[in-house]
file final_39.cif (mmCIF, C-alpha atoms)
data_entry
loop_
_atom_site.label_atom_id
_atom_site.label_comp_id
_atom_site.auth_asym_id
_atom_site.auth_seq_id
_atom_site.Cartn_x
_atom_site.Cartn_y
_atom_site.Cartn_z
CA MET A 301 4.07 39.95 50.14
CA PRO A 302 3.19 43.66 49.93
CA MET A 303 2.81 45.85 53.02
CA LYS A 304 -0.55 46.25 54.73
CA GLY A 305 -2.71 49.36 54.75
CA ARG A 306 -3.18 52.45 52.65
CA TYR A 307 0.12 54.25 53.18
CA PRO A 308 2.20 51.50 54.79
CA ILE A 309 5.23 53.76 54.81
CA ARG A 310 3.73 55.27 57.95
CA ARG A 311 4.57 52.03 59.73
CA THR A 312 8.26 51.96 58.84
CA LEU A 313 10.83 52.73 61.50
CA GLU A 314 12.64 55.16 59.21
CA TYR A 315 9.51 57.26 58.77
CA LEU A 316 8.69 57.23 62.47
CA GLN A 317 12.19 58.22 63.49
CA LYS A 318 12.02 61.21 61.15
CA GLY A 319 9.37 62.80 63.36
CA ASP A 320 10.68 66.05 64.83
CA ILE A 321 8.05 67.01 67.41
CA ILE A 322 9.25 66.08 70.90
CA PHE A 323 6.99 67.59 73.54
CA LYS A 324 8.18 69.38 76.66
CA LYS A 325 7.95 67.43 79.88
CA LYS A 326 4.81 69.22 81.03
CA VAL A 327 2.59 68.08 78.13
CA LYS A 328 0.65 65.04 79.26
CA ILE A 329 -2.41 64.65 77.03
CA MET A 330 -3.10 65.63 73.44
CA THR A 331 -6.62 65.63 72.00
CA VAL A 332 -7.51 66.04 68.33
CA ASN A 333 -11.07 66.85 67.26
CA TYR A 334 -11.52 66.59 63.51
CA ASN A 335 -14.17 65.85 60.88
CA THR A 336 -14.21 63.20 58.21
CA HIS A 337 -15.75 65.47 55.55
CA GLY A 338 -15.31 69.09 54.57
CA GLU A 339 -12.73 71.03 52.59
CA LEU A 340 -11.49 73.12 55.50
CA GLY A 341 -10.65 70.17 57.73
CA GLU A 342 -8.45 68.52 55.12
CA GLY A 343 -5.28 69.71 56.80
CA ALA A 344 -6.39 68.28 60.13
CA ARG A 345 -7.21 64.94 58.53
CA LYS A 346 -3.80 64.79 56.87
CA PHE A 347 -2.15 65.73 60.15
CA VAL A 348 -3.90 62.88 61.94
CA PHE A 349 -3.14 60.45 59.17
CA PHE A 350 0.54 61.25 58.64
CA ASN A 351 1.99 63.06 61.62
CA ILE A 352 0.30 61.55 64.67
CA PRO A 353 2.21 58.22 64.37
CA GLN A 354 5.48 60.13 64.32
CA ILE A 355 4.49 62.18 67.36
CA GLN A 356 3.40 59.16 69.35
CA TYR A 357 6.59 57.32 68.48
CA LYS A 358 8.71 60.16 69.76
CA ASN A 359 6.52 60.78 72.83
CA PRO A 360 5.47 57.37 74.10
CA TRP A 361 4.32 58.75 77.46
CA VAL A 362 1.91 61.34 76.04
CA GLN A 363 -1.70 60.16 75.75
CA ILE A 364 -3.14 61.07 72.34
CA MET A 365 -6.87 60.82 71.70
CA MET A 366 -8.78 61.35 68.48
CA PHE A 367 -12.43 62.44 68.26
CA LYS A 368 -14.34 62.39 64.97
CA ASN A 369 -17.27 64.57 63.90
CA MET A 370 -18.02 66.04 67.30
CA THR A 371 -17.58 69.72 66.48
CA PRO A 372 -18.13 71.74 63.31
CA SER A 373 -14.53 72.89 63.13
CA PRO A 374 -11.31 70.97 63.85
CA PHE A 375 -8.96 71.82 66.74
CA LEU A 376 -6.21 70.42 68.94
CA LYS A 377 -6.19 70.62 72.73
CA PHE A 378 -3.20 70.01 74.98
CA TYR A 379 -3.49 69.33 78.69
CA LEU A 380 -0.38 70.27 80.66
CA ASP A 381 0.52 68.91 84.05
CA ASP A 382 -0.19 72.16 85.90
CA GLY A 383 -3.81 72.02 84.74
CA GLU A 384 -3.41 74.47 81.89
CA GLN A 385 -5.24 73.67 78.64
CA VAL A 386 -3.88 74.93 75.35
CA LEU A 387 -6.31 75.23 72.45
CA VAL A 388 -5.02 75.27 68.89
CA ASP A 389 -7.49 76.06 66.10
CA VAL A 390 -6.54 74.28 62.88
CA GLU A 391 -9.40 75.12 60.55
CA GLY A 392 -8.16 75.89 57.09
CA LYS A 393 -4.53 75.09 57.92
CA ASP A 394 -2.24 72.75 56.08
CA CYS A 395 -0.84 69.69 57.90
CA LYS A 396 2.70 71.05 57.62
CA GLN A 397 1.62 74.36 59.11
CA ILE A 398 -0.13 72.57 61.96
CA SER A 399 2.93 70.51 62.86
CA GLN A 400 5.19 73.58 62.70
CA HIS A 401 2.79 75.50 64.92
CA VAL A 402 2.65 72.68 67.47
CA LYS A 403 6.41 72.33 67.45
CA LYS A 404 6.81 76.04 68.06
CA ILE A 405 4.49 76.30 71.04
CA LEU A 406 4.97 73.00 72.85
CA GLY A 407 7.87 71.16 71.31
CA LYS A 408 11.44 71.08 72.60
CA SER A 409 13.55 73.45 70.59
CA ASP A 410 16.53 72.31 68.56
CA GLU A 411 19.07 73.77 71.02
CA VAL A 412 17.48 71.92 73.93
CA LEU A 413 17.48 68.65 72.01
CA HIS A 414 21.10 69.20 71.04
CA ALA A 415 22.09 69.92 74.63
CA GLU A 416 20.30 66.79 75.82
CA ALA A 417 22.02 64.66 73.20
CA GLN A 418 25.38 66.09 74.27
CA ALA A 419 24.67 65.36 77.93
CA LYS A 420 23.71 61.80 77.10
CA MET A 421 26.86 61.32 75.06
CA GLN A 422 29.00 62.66 77.87
CA ALA A 423 27.44 60.32 80.40
CA SER A 424 28.49 57.23 78.46
CA HIS A 425 32.16 56.99 77.44
CA PRO A 426 32.50 54.65 74.47
CA ALA A 427 36.04 53.63 75.45
CA ASN A 428 34.97 52.10 78.75
CA PHE A 429 34.80 48.36 79.25
CA GLY A 430 32.15 46.92 81.53
CA PRO A 431 28.69 45.35 81.79
CA LYS A 432 26.66 45.52 78.61
CA LYS A 433 24.13 47.72 80.36
CA TYR A 434 26.58 50.59 80.80
CA CYS A 435 29.34 50.10 78.23
CA LEU A 436 29.68 48.94 74.66
CA ARG A 437 32.12 46.10 75.29
CA GLU A 438 32.99 43.83 78.17
CA CYS A 439 36.34 42.51 77.03
CA ILE A 440 38.86 43.36 74.32
CA CYS A 441 38.28 39.93 72.82
CA GLU A 442 34.93 41.21 71.50
CA VAL A 443 36.63 43.72 69.18
CA ALA A 444 37.24 42.58 65.60
CA GLY A 445 40.94 42.11 64.88
CA GLN A 446 41.96 41.39 68.48
CA VAL A 447 42.99 38.11 70.04
CA PRO A 448 39.86 35.90 70.22
CA CYS A 449 38.47 34.91 73.60
CA PRO A 450 40.48 32.03 75.09
CA GLY A 451 37.18 30.69 76.40
CA THR A 452 36.09 29.85 72.85
CA LYS A 453 39.42 29.26 71.12
CA PRO A 454 42.56 28.25 73.06
CA LEU A 455 45.46 30.69 72.89
CA PRO A 456 48.58 29.69 70.95
CA LYS A 457 51.11 28.01 73.21
CA GLU A 458 53.53 30.92 73.19
CA MET A 459 50.95 33.27 74.72
CA THR A 460 49.93 31.10 77.68
CA GLY A 461 51.22 32.04 81.10
CA LYS A 462 52.47 28.58 82.05
CA TYR A 463 54.54 28.20 78.89
CA ARG A 464 56.13 31.54 79.46
CA ALA A 465 56.82 30.69 83.07
CA LYS A 466 58.40 27.39 81.98
CA MET A 467 60.60 29.17 79.43
CA ALA A 468 61.62 31.77 81.96
CA GLN A 469 62.46 29.05 84.46
CA SER A 470 64.41 26.95 81.99
CA GLN A 471 66.45 29.99 80.99
CA ASP A 472 67.49 30.86 84.55
CA MET B 683 29.12 20.10 95.17
CA PHE B 684 29.57 21.63 98.57
CA GLN B 685 29.82 25.40 98.43
CA VAL B 686 31.80 27.22 101.12
CA ILE B 687 29.85 30.06 102.72
CA GLY B 688 31.64 33.04 101.26
CA GLY B 689 31.64 36.73 101.87
CA ARG B 690 31.61 38.63 105.12
CA SER B 691 30.34 35.78 107.18
CA VAL B 692 33.51 33.75 106.61
CA GLN B 693 35.79 35.70 108.91
CA ALA B 694 33.20 36.02 111.62
CA ALA B 695 32.50 32.33 111.38
CA ARG B 696 36.20 31.55 111.52
CA LEU B 697 36.52 33.49 114.74
CA LEU B 698 33.41 32.24 116.46
CA ALA B 699 33.05 28.63 115.41
CA PRO B 700 35.52 25.90 116.45
CA ARG B 701 38.44 25.16 114.20
CA SER B 702 37.53 21.75 112.91
CA ALA B 703 33.83 22.39 112.48
CA VAL B 704 32.39 21.97 109.06
CA LEU B 705 31.38 25.33 107.63
CA VAL B 706 29.94 24.12 104.42
CA GLU B 707 26.42 23.87 103.04
CA ALA B 708 25.29 21.35 100.44
CA VAL B 709 24.80 22.40 96.81
CA ARG B 710 23.28 19.96 94.32
CA GLY B 711 25.86 18.89 91.75
CA ARG B 712 25.67 15.89 89.43
CA LYS B 713 23.85 13.59 91.90
CA SER B 714 20.20 13.90 92.96
CA ARG B 715 18.76 13.76 96.50
CA SER B 716 18.36 10.04 96.71
CA ASP B 717 21.82 9.11 95.39
CA PRO B 718 24.12 7.56 98.02
CA VAL B 719 27.56 8.92 98.81
CA ALA B 720 30.38 7.45 96.73
CA LYS B 721 32.29 4.50 98.26
CA SER B 722 35.57 6.39 98.24
CA LYS B 723 34.01 9.31 100.08
CA GLU B 724 32.08 7.41 102.72
CA GLY B 725 33.76 8.49 105.91
CA ARG B 726 35.02 11.80 104.67
CA ILE B 727 34.71 14.88 106.78
CA LYS B 728 35.74 18.00 104.95
CA VAL B 729 37.77 20.23 107.14
CA PRO B 730 38.62 23.71 105.88
CA VAL B 731 42.15 25.02 105.97
CA SER B 732 43.17 26.08 109.49
CA VAL B 733 43.68 29.76 110.11
CA ASP B 734 47.18 31.19 110.56
CA PRO B 735 46.91 33.76 113.41
CA VAL B 736 49.76 36.00 112.21
CA GLU B 737 48.45 36.09 108.72
CA MET B 738 44.97 36.64 110.09
CA VAL B 739 45.99 39.73 112.04
CA VAL B 740 47.82 41.22 109.08
CA LEU B 741 44.95 40.47 106.76
CA LYS B 742 42.41 41.94 109.15
CA GLU B 743 44.43 45.13 109.39
CA ARG B 744 44.82 45.45 105.65
CA TYR B 745 41.25 44.57 104.86
CA SER B 746 39.84 47.07 107.33
CA GLU B 747 42.02 49.81 105.87
CA TYR B 748 41.04 48.85 102.33
CA LYS B 749 37.38 48.73 103.13
CA LEU B 750 37.60 52.06 104.89
CA ILE B 751 39.13 53.70 101.84
CA MET B 752 36.67 52.07 99.45
CA ARG B 753 33.71 53.10 101.55
CA ALA B 754 35.02 56.65 101.76
CA LEU B 755 35.47 56.83 97.99
CA ARG B 756 32.03 55.45 97.36
CA MET B 757 30.49 57.96 99.72
CA GLU B 758 32.39 60.78 98.04
CA PHE B 759 31.09 59.83 94.62
CA LYS B 760 27.55 59.34 95.86
CA GLU B 761 27.65 62.72 97.54
CA GLY B 762 28.91 64.31 94.31
CA VAL B 763 26.07 62.83 92.33
CA LEU B 764 23.46 63.86 94.88
CA ARG B 765 24.86 67.37 95.02
CA LYS B 766 24.71 67.68 91.25
CA LYS B 767 21.12 66.50 91.27
CA TYR B 768 20.24 68.96 94.02
CA GLU B 769 21.91 71.81 92.13
CA GLU B 770 20.07 70.81 89.02
CA GLU B 771 16.68 70.88 90.68
CA MET B 772 16.88 73.50 93.39
CA GLY B 773 20.02 75.53 92.77
CA SER B 774 20.05 79.20 91.82
CA GLN B 775 20.44 78.28 88.14
CA ALA B 776 17.32 76.17 88.29
CA GLU B 777 15.15 79.06 89.48
CA LEU B 778 16.45 81.35 86.76
CA ARG B 779 15.90 78.68 84.18
CA ALA B 780 12.41 77.94 85.47
CA ARG B 781 11.47 81.62 85.32
CA GLN B 782 12.91 81.95 81.82
CA GLU B 783 10.99 78.92 80.64
CA GLU B 784 7.79 80.24 82.14
CA GLU B 785 8.24 83.55 80.34
CA GLU B 786 8.91 81.80 77.08
CA HIS B 787 5.88 79.61 77.63
CA ARG B 788 3.68 82.62 78.28
CA ALA B 789 4.97 84.34 75.15
CA LEU B 790 4.27 81.25 73.07
CA MET B 791 0.78 80.93 74.55
CA ASP B 792 0.09 84.56 73.65
CA TRP B 793 1.25 83.96 70.13
CA ASN B 794 -0.99 80.90 69.98
CA ASN B 795 -3.96 82.95 71.16
CA GLN B 796 -3.23 85.53 68.49
CA GLU B 797 -3.31 82.82 65.85
CA ASN B 798 -6.57 81.50 67.23
CA LEU B 799 -8.14 84.97 67.12
CA ARG B 800 -6.99 85.45 63.56
CA ILE B 801 -8.55 82.19 62.47
CA LEU B 802 -11.70 83.05 64.43
CA LYS B 803 -12.07 86.36 62.59
CA ALA B 804 -11.54 84.67 59.25
CA ARG B 805 -14.14 82.09 60.18
CA ILE B 806 -16.71 84.74 61.19
CA ILE B 807 -16.22 86.57 57.91
CA ARG B 808 -16.55 83.33 56.00
CA ILE B 809 -19.75 82.36 57.79
CA GLN B 810 -21.25 85.80 57.14
CA GLN B 811 -20.40 85.52 53.48
CA GLU B 812 -21.94 82.09 53.32
CA GLU B 813 -25.13 83.36 54.95
CA GLU B 814 -25.39 86.22 52.49
CA GLU B 815 -24.81 83.81 49.66
CA ALA B 816 -27.61 81.57 50.93
CA GLU B 817 -29.99 84.56 51.23
CA ARG B 818 -29.19 85.69 47.71
CA LYS B 819 -29.74 82.23 46.34
CA LYS B 820 -33.07 81.95 48.12
CA THR B 821 -34.40 85.26 46.72
CA GLU B 822 -33.16 84.35 43.28
CA ALA B 823 -34.92 81.03 43.47
CA ALA B 824 -38.15 82.73 44.54
CA ILE B 825 -37.91 85.17 41.60
CA GLN B 826 -37.20 82.31 39.24
CA ARG B 827 -40.21 80.42 40.48
CA GLU B 828 -42.43 83.51 40.04
CA GLN B 829 -41.19 83.96 36.50
CA GLU B 830 -41.84 80.37 35.64
CA GLN B 831 -45.35 80.61 37.00
CA GLN B 832 -45.98 83.70 34.88
CA GLU B 833 -44.63 81.97 31.81
CA PHE B 834 -46.89 79.00 32.43
CA ILE B 835 -49.97 81.20 32.75
CA ARG B 836 -49.07 83.05 29.58
CA GLN B 837 -48.70 79.86 27.60
CA LYS B 838 -51.99 78.52 28.80
CA GLU B 839 -53.74 81.78 27.82
CA GLU B 840 -52.22 81.60 24.34
CA GLU B 841 -53.50 78.10 23.90
CA ILE B 842 -56.95 79.20 24.97
CA LEU B 843 -56.93 82.02 22.42
CA LYS B 844 -55.77 79.68 19.67
CA LEU B 845 -58.52 77.28 20.54
CA GLN B 846 -61.05 80.06 20.45
CA GLU B 847 -59.83 81.03 16.98
CA GLU B 848 -60.13 77.49 15.75
CA ALA B 849 -63.54 77.13 17.31
CA LYS B 850 -64.81 79.56 14.70
CA ASN B 851 -64.11 76.99 11.97
CA PHE B 852 -65.73 74.07 13.72
CA VAL B 853 -68.53 72.13 12.21
CA THR B 854 -71.63 72.49 14.42
CA LEU B 855 -75.10 71.13 14.06
CA GLU B 856 -76.26 74.34 12.41
CA ASN B 857 -73.49 74.44 9.75
CA LEU B 858 -73.66 70.76 9.13
CA ASP B 859 -75.75 70.86 6.01
CA GLN B 860 -73.96 73.93 4.68
CA ARG B 861 -70.52 72.40 5.18
CA ILE B 862 -71.54 69.16 3.56
CA GLU B 863 -72.74 71.11 0.54
CA GLU B 864 -69.50 73.05 0.44
CA ALA B 865 -67.37 69.90 0.69
CA LEU B 866 -69.24 68.18 -2.09
CA ASP B 867 -68.96 71.30 -4.30
CA ASN B 868 -65.18 71.70 -3.80
CA PRO B 869 -63.42 68.39 -4.09
CA LYS B 870 -59.85 68.56 -2.77
CA ASN B 871 -57.01 66.72 -4.41
CA TYR B 872 -54.36 65.43 -1.95
CA ASN B 873 -52.17 63.71 -4.55
CA PHE B 874 -49.30 66.10 -5.08
CA ALA B 875 -45.51 66.01 -4.93
CA ILE B 876 -43.25 68.67 -3.45
CA ASP B 877 -39.55 69.39 -4.00
CA LYS B 878 -36.98 70.26 -1.39
CA GLU B 879 -38.00 73.91 -1.16
CA GLY B 880 -41.61 73.01 -0.43
CA LYS B 881 -43.02 74.10 -3.73
CA VAL B 882 -45.60 71.86 -5.31
CA VAL B 883 -44.04 70.16 -8.33
CA LYS B 884 -46.63 67.74 -9.70
CA ARG B 885 -50.31 67.15 -9.19
CA THR B 886 -52.40 64.29 -10.42
CA VAL B 887 -55.55 65.02 -12.35
CA LEU B 888 -58.69 64.70 -10.21
CA GLN B 889 -61.38 62.35 -11.62
#
call {"tool": "encode", "arguments": {"input": "final_39.cif", "output": "structure tokens"}}
result
Amino acid sequence: MPMKGRYPIRRTLEYLQKGDIIFKKKVKIMTVNYNTHGELGEGARKFVFFNIPQIQYKNPWVQIMMFKNMTPSPFLKFYLDDGEQVLVDVEGKDCKQISQHVKKILGKSDEVLHAEAQAKMQASHPANFGPKKYCLRECICEVAGQVPCPGTKPLPKEMTGKYRAKMAQSQD
Amino acid sequence: MFQVIGGRSVQAARLLAPRSAVLVEAVRGRKSRSDPVAKSKEGRIKVPVSVDPVEMVVLKERYSEYKLIMRALRMEFKEGVLRKKYEEEMGSQAELRARQEEEEHRALMDWNNQENLRILKARIIRIQQEEEEAERKKTEAAIQREQEQQEFIRQKEEEILKLQEEAKNFVTLENLDQRIEEALDNPKNYNFAIDKEGKVVKRTVLQ
């Protein structure tokens, strides 16, 4: 069964995760006004078609609204949490240029993203054992190549505590 | 089936309640509410293990010390976390960072405004050009229409002149007799053949 829609690749996880625009914390709402016809608005249409899914995937808490054929020229408007509104005119621009422009003015820069990733990595030590919520593993029996959990498969006799105690006792 | 009340309440209960009292609460196991007690357990009263006073004192001492240390450690760690959070949000670094970010933001907004202005100028120029184009096309169309009208009039006049010329050769009531006489005097022979150049090649003989 083939995939649904015109460019179904837009619905794949791989494509969505490739999106590189992550907005700063103060961006709350994004509005796109574009037109369905016209040579100059082609870039805006492509931006809406291809890049908006990626942006929404990476910024699930930003409200994104699309308006069609309301104004003669296409533009983007961002509403920040201190009440500021940022207008971006996109007439005549290519969709790549638009996404680069947006990333430059309101996206988190690469260094910031890197620093955040580092901080997150530092917070969780992969060598810790504990509840699944905080650590990767709960017990060494979960690791491949280690002794399997005695709860599922009984240990060989020589490894059990009572056998060892018996041996120790019989030797004394 | 019967679960002993665990936790902090155990020791307090042990001190307050009498020794042989039952300190258990019922927990549903295999049997349902209406099932009777088993025959072997009919008269059974479960009595928990009696407390050893010496052991109790020692345990109390140790537990209180242990709990004190644990509580202290926990508080220390909590305080560390809270302090870090406070530093993060309201420390001296935070203000610097906030100011830096604001400056960067303002710079980026300025750059954005520049871009917008640039596109605005380009758009104005484009619209002007389009208007001029439309004007030019309109005038051209008007001229074209004028020319066509002139052409039409000219053609009609030519036709009129041609008709006037031909009118001279018409047969009217006055020439009728004369023309009949002429036609009878000059019989015309339409039976001829022409070659590819248009020259007459053969004619039949008129009877």
call {"tool": "interface_residues", "arguments": {"input": "final_39.cif", "of": "chain A", "to": "chain B", "cutoff": "9 Å", "atoms": "only C-alpha atoms", "output": "VMD selection string"}}
result
chain A and resid 386 to 392 401 404 to 406
call {"tool": "resolve_selection", "arguments": {"input": "final_39.cif", "expression": "the PyMOL selection byres ((chain A and resi 338) around 12)", "output": "list in words"}}
result
Tyr334, Asn335, Thr336, His337, Glu339, Leu340, Gly341, Glu342, Gly343, Ala344, Arg345, Asn369, Pro372, Ser373, Pro374, Glu391 and Gly392 of chain A
call {"tool": "atom_distance", "arguments": {"input": "final_39.cif", "atom1": "atom CA of A:Gln317", "atom2": "atom CA of A:Pro353"}}
result
10.0 Å
call {"tool": "residues_around", "arguments": {"input": "final_39.cif", "residues": "A:Lys403", "least_positions_apart": "4", "cutoff": "8 Å", "atoms": "only C-alpha atoms", "output": "list of chain:residue names"}}
result
A:Ile321, A:Ile322, A:Phe323, A:Ser399, A:Gly407, A:Lys408, A:Ser409
call {"tool": "resolve_selection", "arguments": {"input": "final_39.cif", "expression": "the PyMOL selection byres ((chain A and resi 380) around 8)", "output": "PyMOL selection string"}}
result
chain A and resi 326-329+378-379+381-386
call {"tool": "closest_residue", "arguments": {"input": "final_39.cif", "among": "A:Asp320, A:Thr331, A:Asp410, A:Ala415", "to": "A:Val362", "atoms": "only C-alpha atoms"}}
result
A:Thr331
call {"tool": "atom_distance", "arguments": {"input": "final_39.cif", "atom1": "atom CA of B:Pro730", "atom2": "atom CA of B:Val709"}}
result
16.6 Å
call {"tool": "resolve_selection", "arguments": {"input": "final_39.cif", "expression": "the PyMOL selection byres ((chain A and resi 426) around 7)", "output": "VMD selection string"}}
result
chain A and resid 424 to 425 427 to 428 435 to 436
call {"tool": "write_last_selection", "arguments": {"input": "final_39.cif", "atoms": "C-alpha atoms", "output": "compact mmCIF listing (two decimals), keeping the file's coordinate frame"}}
result
# COMPACT_ATOMS: atom_id res chain seq x y z
CA SER A 424 28.49 57.23 78.46
CA HIS A 425 32.16 56.99 77.44
CA ALA A 427 36.04 53.63 75.45
CA ASN A 428 34.97 52.10 78.75
CA CYS A 435 29.34 50.10 78.23
CA LEU A 436 29.68 48.94 74.66
call {"tool": "atom_distance", "arguments": {"input": "final_39.cif", "atom1": "atom CA of A:Phe350", "atom2": "atom CA of A:Glu314"}}
result
13.6 Å
call {"tool": "closest_residue", "arguments": {"input": "final_39.cif", "among": "A:Phe347, A:Phe375, A:Tyr463, A:Tyr315", "to": "A:Asp394", "atoms": "only C-alpha atoms"}}
result
A:Phe347
call {"tool": "axis_aligned_box", "arguments": {"input": "final_39.cif", "around": "stretch 368-379 of chain A", "padding_each_side": "6 Å", "output": "AutoDock Vina command-line options"}}
result
--center_x -10.7 --center_y 67.6 --center_z 70.9 --size_x 26.9 --size_y 22.5 --size_z 27.6
